[in-house]
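*Asks:* Input structure: start10.tsv, which contains TSV, C-alpha atoms and all ligand atoms.
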```tsv
chain	number	residue	atom	x	y	z
E	1	MET	CA	20.86	15.44	9.08
E	2	SER	CA	22.30	18.86	8.63
E	3	GLY	CA	23.97	20.28	5.58
E	4	ARG	CA	24.26	18.69	2.18
E	5	ILE	CA	25.25	15.07	1.72
E	6	LEU	CA	26.34	13.69	-1.61
E	7	PHE	CA	25.60	10.04	-2.34
E	8	LYS	CA	27.61	9.10	-5.41
E	9	GLY	CA	28.69	6.24	-7.61
E	10	ALA	CA	25.57	4.07	-7.37
E	11	THR	CA	23.30	2.88	-10.15
E	12	LEU	CA	20.15	4.99	-9.80
E	13	ILE	CA	16.68	3.61	-10.43
E	14	ASP	CA	14.61	6.74	-9.92
E	15	GLY	CA	11.11	5.23	-9.89
E	16	THR	CA	9.87	7.10	-12.96
E	17	GLY	CA	10.39	4.05	-15.18
E	18	LYS	CA	13.35	5.59	-17.00
E	19	GLU	CA	16.38	3.41	-17.69
E	20	PRO	CA	18.70	3.05	-14.68
E	21	VAL	CA	21.62	5.49	-14.59
E	22	GLU	CA	25.10	4.22	-13.73
E	23	ASN	CA	27.56	6.30	-11.69
E	24	ALA	CA	24.73	8.58	-10.62
E	25	PHE	CA	24.59	10.97	-7.69
E	26	LEU	CA	21.93	12.12	-5.30
E	27	LEU	CA	22.55	15.37	-3.45
E	28	VAL	CA	20.46	15.47	-0.29
E	29	GLU	CA	19.86	18.69	1.60
E	30	GLU	CA	18.09	18.26	4.92
E	31	ASP	CA	15.04	16.10	4.08
E	32	ARG	CA	14.87	16.66	0.32
E	33	ILE	CA	16.70	15.88	-2.89
E	34	ALA	CA	18.60	19.01	-3.94
E	35	ALA	CA	19.95	17.53	-7.18
E	36	THR	CA	20.41	14.28	-9.03
E	37	GLY	CA	22.29	13.32	-12.17
E	38	ILE	CA	25.18	11.47	-13.74
E	39	SER	CA	28.71	11.75	-12.32
E	40	ALA	CA	29.25	14.09	-9.39
E	41	GLU	CA	32.49	15.74	-10.58
E	42	ASN	CA	30.96	19.14	-11.21
E	43	LEU	CA	29.57	19.29	-7.69
E	44	VAL	CA	32.88	20.02	-5.90
E	45	GLY	CA	32.17	22.42	-3.04
E	46	GLU	CA	28.44	21.86	-3.22
E	47	TYR	CA	28.30	19.44	-0.31
E	48	ASP	CA	29.50	18.95	3.28
E	49	GLU	CA	29.88	15.20	3.24
E	50	VAL	CA	30.22	12.50	0.62
E	51	ARG	CA	29.21	8.85	0.72
E	52	ASP	CA	30.64	6.61	-1.93
E	53	LEU	CA	28.11	4.00	-3.08
E	54	SER	CA	30.12	2.50	-5.94
E	55	GLY	CA	28.79	-0.91	-6.88
E	56	LYS	CA	25.49	-0.31	-5.10
E	57	TYR	CA	21.96	0.49	-6.26
E	58	LEU	CA	19.70	3.36	-5.25
E	59	MET	CA	15.93	3.38	-5.60
E	60	PRO	CA	12.95	5.11	-3.95
E	61	GLY	CA	11.52	3.65	-0.75
E	62	MET	CA	8.70	1.22	-1.44
E	63	MET	CA	5.10	2.32	-0.91
E	64	ASN	CA	2.40	0.02	0.38
E	65	CYS	CA	-1.12	1.19	-0.49
E	66	HIS	CA	-2.93	-1.38	1.63
E	67	THR	CA	-2.01	-2.16	5.23
E	68	HIS	CA	-3.76	-2.54	8.57
E	69	VAL	CA	-0.97	-1.54	10.92
E	70	VAL	CA	-2.84	-2.07	14.17
E	71	MET	CA	-3.57	-5.71	13.37
E	72	GLU	CA	-1.26	-8.69	13.58
E	73	PRO	CA	-0.63	-11.29	10.82
E	74	VAL	CA	-1.70	-14.23	12.99
E	75	ALA	CA	-3.22	-17.44	11.62
E	76	ASP	CA	-6.69	-16.92	13.07
E	77	MET	CA	-7.65	-13.25	12.87
E	78	GLN	CA	-11.15	-13.73	14.23
E	79	SER	CA	-10.07	-15.12	17.60
E	80	PHE	CA	-7.23	-12.61	17.73
E	81	ALA	CA	-9.56	-9.67	17.16
E	82	ARG	CA	-11.84	-10.64	20.02
E	83	ASN	CA	-9.11	-9.99	22.59
E	84	GLN	CA	-7.89	-6.59	21.47
E	85	THR	CA	-8.37	-3.12	22.91
E	86	SER	CA	-7.47	0.29	21.56
E	87	VAL	CA	-4.27	0.11	23.62
E	88	THR	CA	-3.10	-3.25	22.27
E	89	HIS	CA	-3.88	-2.04	18.76
E	90	ALA	CA	-1.89	1.14	19.31
E	91	VAL	CA	1.17	-0.65	20.69
E	92	ARG	CA	1.11	-3.13	17.82
E	93	GLY	CA	0.73	-0.24	15.43
E	94	VAL	CA	3.97	1.34	16.64
E	95	ALA	CA	5.88	-1.92	16.26
E	96	ASN	CA	4.40	-2.62	12.83
E	97	LEU	CA	5.12	0.86	11.51
E	98	GLN	CA	8.74	0.45	12.58
E	99	LYS	CA	8.90	-2.93	10.85
E	100	LEU	CA	7.57	-1.41	7.65
E	101	LEU	CA	10.12	1.39	7.68
E	102	ARG	CA	13.11	-0.81	8.61
E	103	SER	CA	12.32	-3.17	5.74
E	104	GLY	CA	12.21	-0.39	3.15
E	105	THR	CA	8.60	0.80	3.07
E	106	THR	CA	8.67	4.57	3.45
E	107	PHE	CA	5.00	5.40	2.78
E	108	ILE	CA	1.81	3.51	3.52
E	109	ARG	CA	-1.90	3.90	3.05
E	110	ASP	CA	-3.67	2.22	5.95
E	111	MET	CA	-6.98	0.71	4.93
E	112	GLY	CA	-9.04	0.43	8.07
E	113	SER	CA	-8.28	0.45	11.74
E	114	PRO	CA	-10.43	-0.57	14.73
E	115	PHE	CA	-11.20	2.45	16.97
E	116	ALA	CA	-9.56	4.58	14.22
E	117	VAL	CA	-6.26	4.05	16.04
E	118	ASP	CA	-4.37	4.77	12.80
E	119	LEU	CA	-5.23	8.47	13.07
E	120	GLY	CA	-3.62	8.68	16.52
E	121	LEU	CA	-0.52	6.83	15.33
E	122	LYS	CA	-0.11	9.26	12.46
E	123	LYS	CA	-0.43	12.21	14.85
E	124	CYS	CA	2.21	10.78	17.19
E	125	MET	CA	4.66	10.22	14.30
E	126	LYS	CA	4.07	13.78	13.14
E	127	GLU	CA	4.87	15.02	16.63
E	128	GLY	CA	8.08	12.98	16.62
E	129	VAL	CA	7.06	10.48	19.32
E	130	PHE	CA	8.36	7.61	17.18
E	131	LYS	CA	9.54	7.06	13.63
E	132	GLY	CA	7.75	5.19	10.87
E	133	PRO	CA	6.72	5.54	7.25
E	134	ASP	CA	4.58	8.47	6.17
E	135	MET	CA	0.98	7.46	6.37
E	136	PHE	CA	-2.40	8.11	4.80
E	137	CYS	CA	-5.21	6.84	7.04
E	138	SER	CA	-8.80	5.79	6.48
E	139	GLY	CA	-9.94	5.65	10.11
E	140	LYS	CA	-12.69	3.07	10.43
E	141	MET	CA	-13.65	1.14	7.31
E	142	ILE	CA	-17.31	1.53	6.36
E	143	THR	CA	-19.30	-1.66	5.85
E	144	MET	CA	-22.94	-2.72	5.78
E	145	THR	CA	-24.47	-4.24	8.90
E	146	GLY	CA	-22.93	-7.71	9.18
E	147	GLY	CA	-20.79	-7.03	6.11
E	148	HIS	CA	-17.13	-7.82	5.57
E	149	GLY	CA	-15.03	-6.66	8.51
E	150	TRP	CA	-18.07	-5.46	10.47
E	151	MET	CA	-16.42	-6.16	13.80
E	152	PHE	CA	-13.66	-3.63	13.06
E	153	GLY	CA	-15.57	-1.04	11.08
E	154	ARG	CA	-18.42	1.45	11.12
E	155	GLU	CA	-21.60	-0.34	10.06
E	156	ALA	CA	-23.89	1.75	7.89
E	157	ASP	CA	-27.02	1.08	5.84
E	158	GLY	CA	-28.61	3.15	3.11
E	159	PRO	CA	-27.01	6.08	1.26
E	160	ASP	CA	-27.74	8.62	4.04
E	161	ASP	CA	-26.12	6.55	6.74
E	162	VAL	CA	-23.12	5.71	4.55
E	163	ARG	CA	-22.76	9.43	3.81
E	164	LYS	CA	-22.80	10.15	7.54
E	165	ALA	CA	-20.25	7.41	8.19
E	166	ALA	CA	-17.94	8.93	5.57
E	167	ARG	CA	-18.38	12.39	7.10
E	168	GLU	CA	-17.49	10.96	10.50
E	169	GLN	CA	-14.21	9.57	9.18
E	170	LEU	CA	-13.41	12.86	7.47
E	171	ARG	CA	-14.20	14.78	10.66
E	172	ALA	CA	-11.82	12.49	12.56
E	173	GLY	CA	-9.07	13.31	10.06
E	174	ALA	CA	-9.17	10.44	7.54
E	175	ASP	CA	-7.07	10.99	4.39
E	176	VAL	CA	-8.99	8.39	2.39
E	177	ILE	CA	-12.38	6.69	2.76
E	178	LYS	CA	-12.43	2.89	2.72
E	179	ILE	CA	-15.65	1.04	2.04
E	180	MET	CA	-16.63	-2.58	1.54
E	181	ALA	CA	-18.32	-3.35	-1.77
E	182	THR	CA	-18.28	-7.14	-1.40
E	183	GLY	CA	-17.78	-9.99	1.02
E	184	GLY	CA	-14.33	-11.28	1.83
E	185	VAL	CA	-12.33	-14.38	2.60
E	186	LEU	CA	-11.59	-13.69	6.26
E	187	THR	CA	-15.10	-13.17	7.60
E	188	PRO	CA	-16.77	-16.54	8.23
E	189	GLY	CA	-20.07	-17.08	6.45
E	190	VAL	CA	-19.50	-14.20	4.04
E	191	GLU	CA	-19.00	-15.08	0.37
E	192	PRO	CA	-16.04	-13.26	-1.23
E	193	GLY	CA	-17.92	-12.74	-4.48
E	194	SER	CA	-21.19	-11.44	-3.10
E	195	PRO	CA	-21.98	-7.73	-3.49
E	196	GLN	CA	-22.62	-5.80	-0.27
E	197	PHE	CA	-23.03	-2.01	-0.46
E	198	THR	CA	-25.27	-0.94	-3.34
E	199	GLU	CA	-24.06	1.44	-6.03
E	200	GLU	CA	-26.09	4.25	-4.40
E	201	GLU	CA	-24.51	3.60	-1.02
E	202	ILE	CA	-21.02	3.62	-2.49
E	203	ARG	CA	-21.78	6.80	-4.45
E	204	ALA	CA	-22.75	8.58	-1.23
E	205	ALA	CA	-19.33	7.80	0.32
E	206	VAL	CA	-17.51	8.74	-2.88
E	207	GLU	CA	-19.32	12.08	-3.13
E	208	GLU	CA	-18.46	13.01	0.44
E	209	ALA	CA	-14.80	12.09	0.05
E	210	HIS	CA	-14.40	13.87	-3.27
E	211	LYS	CA	-16.11	17.01	-1.95
E	212	ALA	CA	-13.45	17.09	0.75
E	213	GLY	CA	-10.67	16.52	-1.82
E	214	LYS	CA	-10.02	12.96	-0.60
E	215	LYS	CA	-9.95	9.65	-2.41
E	216	THR	CA	-11.90	6.46	-1.90
E	217	ALA	CA	-10.93	2.82	-1.95
E	218	THR	CA	-13.03	-0.27	-1.82
E	219	HIS	CA	-12.45	-3.79	-0.75
E	220	ALA	CA	-13.99	-5.62	-3.72
E	221	GLN	CA	-13.56	-9.26	-4.68
E	222	GLY	CA	-16.53	-10.26	-6.86
E	223	THR	CA	-17.51	-8.87	-10.25
E	224	THR	CA	-20.87	-7.27	-9.41
E	225	GLY	CA	-19.51	-5.37	-6.41
E	226	ILE	CA	-16.47	-4.27	-8.39
E	227	LYS	CA	-18.68	-2.84	-11.14
E	228	ASN	CA	-20.98	-1.14	-8.61
E	229	ALA	CA	-17.95	0.59	-7.12
E	230	ILE	CA	-16.45	1.64	-10.47
E	231	ARG	CA	-19.79	3.07	-11.62
E	232	ALA	CA	-20.07	4.94	-8.31
E	233	GLY	CA	-16.71	6.61	-9.02
E	234	ILE	CA	-14.40	4.77	-6.62
E	235	ASP	CA	-10.69	5.61	-7.01
E	236	SER	CA	-9.25	2.16	-6.37
E	237	ILE	CA	-10.34	-1.45	-6.37
E	238	GLU	CA	-8.56	-3.40	-3.64
E	239	HIS	CA	-8.08	-7.17	-4.25
E	240	GLY	CA	-10.22	-7.36	-7.43
E	241	CYS	CA	-10.12	-11.14	-7.38
E	242	ILE	CA	-12.86	-11.94	-9.85
E	243	MET	CA	-13.01	-9.40	-12.66
E	244	ASP	CA	-14.48	-10.02	-16.07
E	245	ASP	CA	-13.45	-8.21	-19.26
E	246	GLU	CA	-16.18	-5.63	-18.83
E	247	ALA	CA	-15.01	-4.69	-15.32
E	248	ILE	CA	-11.44	-4.33	-16.58
E	249	GLU	CA	-12.63	-2.22	-19.51
E	250	MET	CA	-14.58	0.03	-17.13
E	251	MET	CA	-11.50	0.55	-14.95
E	252	LEU	CA	-9.39	1.42	-17.94
E	253	GLU	CA	-11.99	3.88	-19.22
E	254	ARG	CA	-12.42	5.68	-15.91
E	255	GLY	CA	-8.81	5.47	-14.74
E	256	THR	CA	-9.71	3.38	-11.70
E	257	CYS	CA	-6.58	2.02	-10.05
E	258	PHE	CA	-6.11	-1.63	-9.13
E	259	VAL	CA	-4.38	-2.76	-5.91
E	260	PRO	CA	-4.34	-6.56	-6.28
E	261	THR	CA	-2.83	-7.51	-2.85
E	262	LEU	CA	-1.69	-10.89	-4.23
E	263	ALA	CA	0.43	-11.43	-1.10
E	264	ALA	CA	-2.64	-11.78	1.12
E	265	VAL	CA	-4.17	-14.67	-0.80
E	266	PHE	CA	-0.77	-16.24	-1.50
E	267	GLN	CA	0.20	-16.43	2.19
E	268	ILE	CA	-3.11	-18.01	3.20
E	269	ILE	CA	-2.76	-20.76	0.58
E	270	ASP	CA	1.00	-21.18	1.12
E	271	ASN	CA	0.68	-21.62	4.90
E	272	GLY	CA	-2.68	-23.38	4.91
E	273	VAL	CA	-4.73	-25.14	7.56
E	274	GLU	CA	-1.57	-26.84	8.94
E	275	ALA	CA	-0.39	-23.43	10.13
E	276	GLY	CA	-3.66	-22.80	11.96
E	277	ILE	CA	-5.49	-20.72	9.35
E	278	PRO	CA	-9.23	-21.46	9.54
E	279	GLU	CA	-10.40	-23.88	6.90
E	280	TYR	CA	-13.07	-21.50	5.55
E	281	ALA	CA	-10.38	-18.92	4.70
E	282	VAL	CA	-8.05	-21.41	3.02
E	283	GLU	CA	-10.95	-22.89	1.07
E	284	LYS	CA	-12.16	-19.50	-0.19
E	285	CYS	CA	-8.64	-18.40	-1.16
E	286	THR	CA	-7.86	-21.63	-3.00
E	287	ARG	CA	-11.14	-21.24	-4.88
E	288	ILE	CA	-10.36	-17.70	-6.08
E	289	PHE	CA	-6.59	-17.56	-6.56
E	290	ASP	CA	-6.53	-18.65	-10.21
E	291	HIS	CA	-9.25	-16.10	-11.00
E	292	HIS	CA	-7.26	-13.50	-9.12
E	293	LEU	CA	-4.09	-14.10	-11.15
E	294	GLU	CA	-6.14	-14.09	-14.33
E	295	SER	CA	-7.75	-10.76	-13.37
E	296	PHE	CA	-4.30	-9.34	-12.63
E	297	ARG	CA	-2.83	-10.50	-15.94
E	298	LYS	CA	-5.73	-9.17	-18.01
E	299	ALA	CA	-5.83	-5.82	-16.21
E	300	ARG	CA	-2.08	-5.41	-16.66
E	301	GLN	CA	-2.20	-6.39	-20.32
E	302	VAL	CA	-4.74	-3.74	-21.25
E	303	GLY	CA	-2.97	-1.07	-19.19
E	304	VAL	CA	-5.01	-0.62	-16.01
E	305	LYS	CA	-2.91	1.27	-13.45
E	306	ILE	CA	-1.65	-1.20	-10.86
E	307	ALA	CA	-0.41	0.04	-7.47
E	308	CYS	CA	1.34	-1.98	-4.79
E	309	GLY	CA	-0.41	-3.08	-1.63
E	310	THR	CA	-0.08	-6.24	0.43
E	311	ASP	CA	-3.00	-6.09	2.90
E	312	ALA	CA	-0.30	-6.59	5.57
E	313	SER	CA	-2.02	-8.02	8.69
E	314	THR	CA	-3.74	-10.97	7.07
E	315	PRO	CA	-2.40	-14.43	8.05
E	316	PHE	CA	1.42	-14.60	7.72
E	317	ASN	CA	1.35	-11.42	5.64
E	318	GLY	CA	3.91	-9.53	7.70
E	319	PHE	CA	4.77	-5.84	7.81
E	320	ASP	CA	8.35	-6.51	6.70
E	321	LYS	CA	7.19	-8.11	3.44
E	322	THR	CA	5.99	-5.37	1.11
E	323	ALA	CA	8.57	-6.69	-1.37
E	324	LEU	CA	6.73	-10.01	-1.60
E	325	GLU	CA	4.01	-8.23	-3.57
E	326	LEU	CA	6.59	-7.14	-6.13
E	327	VAL	CA	7.90	-10.70	-6.33
E	328	LEU	CA	4.38	-12.06	-6.89
E	329	MET	CA	3.49	-9.41	-9.46
E	330	THR	CA	6.60	-10.31	-11.46
E	331	ARG	CA	5.77	-14.00	-11.20
E	332	ALA	CA	2.39	-13.13	-12.70
E	333	GLY	CA	3.94	-11.37	-15.67
E	334	MET	CA	5.15	-7.90	-14.67
E	335	GLY	CA	8.69	-6.88	-15.50
E	336	ASN	CA	11.00	-5.99	-12.59
E	337	MET	CA	11.15	-2.31	-13.55
E	338	GLU	CA	7.37	-2.23	-13.93
E	339	ALA	CA	6.96	-3.72	-10.44
E	340	ILE	CA	9.32	-1.12	-8.96
E	341	VAL	CA	7.41	1.69	-10.69
E	342	SER	CA	4.15	0.19	-9.41
E	343	ALA	CA	5.47	0.29	-5.82
E	344	THR	CA	6.85	3.82	-6.17
E	345	ARG	CA	5.49	6.29	-8.76
E	346	VAL	CA	2.14	4.62	-9.45
E	347	SER	CA	1.45	4.07	-5.74
E	348	ALA	CA	2.30	7.71	-5.03
E	349	GLU	CA	-0.11	8.77	-7.78
E	350	LEU	CA	-2.88	6.64	-6.31
E	351	ILE	CA	-2.29	7.92	-2.78
E	352	GLY	CA	-2.16	11.46	-4.17
E	353	CYS	CA	1.26	12.38	-2.76
E	354	ASP	CA	3.26	12.18	-6.00
E	355	GLU	CA	4.22	15.87	-5.90
E	356	GLU	CA	6.61	15.08	-3.04
E	357	TYR	CA	7.04	11.31	-2.91
E	358	GLY	CA	7.46	8.23	-5.09
E	359	THR	CA	10.43	9.10	-7.30
E	360	LEU	CA	13.99	10.28	-6.74
E	361	GLU	CA	13.80	13.65	-8.45
E	362	LYS	CA	14.86	17.14	-7.48
E	363	GLY	CA	12.64	18.72	-4.83
E	364	LYS	CA	11.09	15.50	-3.58
E	365	PHE	CA	11.62	13.98	-0.14
E	366	ALA	CA	14.80	11.94	0.19
E	367	ASP	CA	13.14	8.58	0.88
E	368	PHE	CA	15.40	5.95	-0.63
E	369	LEU	CA	16.94	2.50	-0.36
E	370	ILE	CA	20.55	1.45	-0.86
E	371	LEU	CA	20.84	-2.09	-2.20
E	372	ASP	CA	23.84	-4.37	-2.63
E	373	LYS	CA	22.28	-6.21	-5.56
E	374	ASP	CA	20.47	-5.07	-8.68
E	375	PRO	CA	16.68	-5.36	-8.15
E	376	LEU	CA	16.22	-5.26	-11.93
E	377	ALA	CA	18.16	-8.53	-12.15
E	378	ASP	CA	16.54	-10.09	-9.08
E	379	ILE	CA	13.48	-8.41	-7.58
E	380	SER	CA	13.63	-10.63	-4.48
E	381	THR	CA	16.67	-8.66	-3.32
E	382	LEU	CA	14.10	-6.15	-2.02
E	383	LEU	CA	13.12	-8.67	0.65
E	384	GLU	CA	16.47	-7.87	2.32
E	385	VAL	CA	17.05	-4.15	1.98
E	386	GLY	CA	20.50	-2.88	3.03
E	387	SER	CA	19.96	0.71	4.18
E	388	VAL	CA	16.79	2.77	4.32
E	389	TYR	CA	16.80	6.57	4.30
E	390	LYS	CA	13.69	8.43	5.40
E	391	LYS	CA	13.65	12.16	4.65
E	392	GLY	CA	17.42	12.15	4.33
E	393	GLU	CA	18.08	10.29	7.57
E	394	LEU	CA	19.42	6.75	7.90
E	395	VAL	CA	16.73	4.63	9.54
E	396	SER	CA	17.87	2.84	12.66
E	397	CYS	CA	14.63	2.23	14.56
L	401	ZN	ZN	-7.48	-5.01	3.85
```
For this file, produce the structure as structure tokens.

*Replies:*
Amino acid sequence: MSGRILFKGATLIDGTGKEPVENAFLLVEEDRIAATGISAENLVGEYDEVRDLSGKYLMPGMMNCHTHVVMEPVADMQSFARNQTSVTHAVRGVANLQKLLRSGTTFIRDMGSPFAVDLGLKKCMKEGVFKGPDMFCSGKMITMTGGHGWMFGREADGPDDVRKAAREQLRAGADVIKIMATGGVLTPGVEPGSPQFTEEEIRAAVEEAHKAGKKTATHAQGTTGIKNAIRAGIDSIEHGCIMDDEAIEMMLERGTCFVPTLAAVFQIIDNGVEAGIPEYAVEKCTRIFDHHLESFRKARQVGVKIACGTDASTPFNGFDKTALELVLMTRAGMGNMEAIVSATRVSAELIGCDEEYGTLEKGKFADFLILDKDPLADISTLLEVGSVYKKGELVSC
């Protein structure tokens, strides 16, 4: 896009949490927002082109803090994973990044990629080879020997080895370090609640990341592992299925962010064994889902920061469905505005890119969605986004 384009007449939901503004304008210059406000009448002569959005709604692009773009949301991930190479992962990654962007997700944080393919994908997007959402990458996830996701990650044991594994990811260009504090539902024979890395091991990864100015995230489902990670200084708890009051209190105290990924568990239960999902995964999810919703409700009630992530790649948890997480969070008690803020401003704060992304304010990148219906009246309208703009350009990939 060249010049200045004025988008006017829409109701603006800017992502900050402020009340929506009717008859608002957004003045976009190149890839950024040059100005925003109510009624564009005073802007005569300030723009080269005008687009009338009367009757429509404008909001920031959604952010998804937990994806695995090189994987595929098939029913049986274990058998799928056995037949993949770095090339098949890379090609899938391109397609999945395009799906994310087309469906309104303009920024992602990828949480673990076999062969660290995510880092190469990010490089190619930066060089303009193909278009997708902006991306923060973790490279390979770090897990204990035989721990959750071991077949995709970097196995490490003891604080020194975990430290080395974190340094390796940082050397390769990781933006965030992802570790595994507990078992998970999708690795057979591994209990979701059982702790894996020790507090000392987690602390080693956290120290290395923080020294380099990067954040850390942990897969954590059971209470003990969650507490180990919080005490070790982790920046976000991913999943957080079984949290007691003490864990929630600790998160609140230390400002640890929560990325519940309700969509992952929901899709496994909703599709079930009939759809080909292994029985062990369905059984584990069914066992924990009530706890998970309870953890979410309690954390939200006391004011723990909740960011949006779907874990896209798990069974039937597609890359075009970031909005399902917002739908599920509202079903579990969040207001529609709160869910939008979670998927925009709060997610940007967690990722650490909120200076330039996450809200529609002057100076930030022009990443926004144009909607026919009001998402504050019906959040599910985000499942079918009309137009997506990435850095001021209409997405057509
Ligand atoms: Zn994940």

*Asks:* With distances taken over all atoms listed in the file, which of E:Ala281, E:Leu293, E:Leu186, E:Val129 is nearest to ligand ZN 401 (chain L)?

*Replies:*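 Of E:Ala281, E:Leu293, E:Leu186, E:Val129, the one nearest ligand ZN 401 (chain L) is E:Leu186, counting all atoms listed in the file.
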
*Asks:* Taking only residues of chain E that have an atom at most 9 Å from an atom of ligand ZN 401 (chain L), what is each one's shortest atom pair and its distance in Å to one decimal, using all atoms listed in the file, in chain and number order, as CSV?

*Replies:*
```
residue,atom,partner,partner_atom,distance
E:His66,CA,L:ZN401,ZN,6.2
E:Thr67,CA,L:ZN401,ZN,6.3
E:His68,CA,L:ZN401,ZN,6.5
E:Asp110,CA,L:ZN401,ZN,8.4
E:Met111,CA,L:ZN401,ZN,5.8
E:Gly112,CA,L:ZN401,ZN,7.1
E:His219,CA,L:ZN401,ZN,6.9
E:Glu238,CA,L:ZN401,ZN,7.7
E:His239,CA,L:ZN401,ZN,8.4
E:Thr261,CA,L:ZN401,ZN,8.5
E:Ala264,CA,L:ZN401,ZN,8.8
E:Thr310,CA,L:ZN401,ZN,8.2
E:Asp311,CA,L:ZN401,ZN,4.7
E:Ala312,CA,L:ZN401,ZN,7.6
E:Ser313,CA,L:ZN401,ZN,7.9
E:Thr314,CA,L:ZN401,ZN,7.7
```

*Asks:* May I have the protein, DNA and RNA residues with an atom at most 10 Å from (-21.3, 1.0, -8.9), counting only C-alpha atoms in the file's coordinates, returned as a list in words?

*Replies:*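 With a cut-off of 10 Å, the residues come to Ala181, Phe197, Thr198, Glu199, Glu200, Glu201, Ile202, Arg203, Thr224, Gly225, Ile226, Lys227, Asn228, Ala229, Ile230, Arg231, Ala232, Gly233 and Ile234 of chain E.
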
*Asks:* What is the CA of Gln78 in chain E to CA of Phe130 in chain E distance in Å?

*Replies:*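 Rounded to one decimal, the two atoms are 29.1 Å apart.
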
*Asks:* Point out the residue among E:Gly9, E:Gly358, E:Gly213, E:Pro192 with the least atom-to-atom distance to Ile108 in chain E, counting only C-alpha atoms.

*Replies:*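 So, comparing all the options, the nearest one is E:Gly358.
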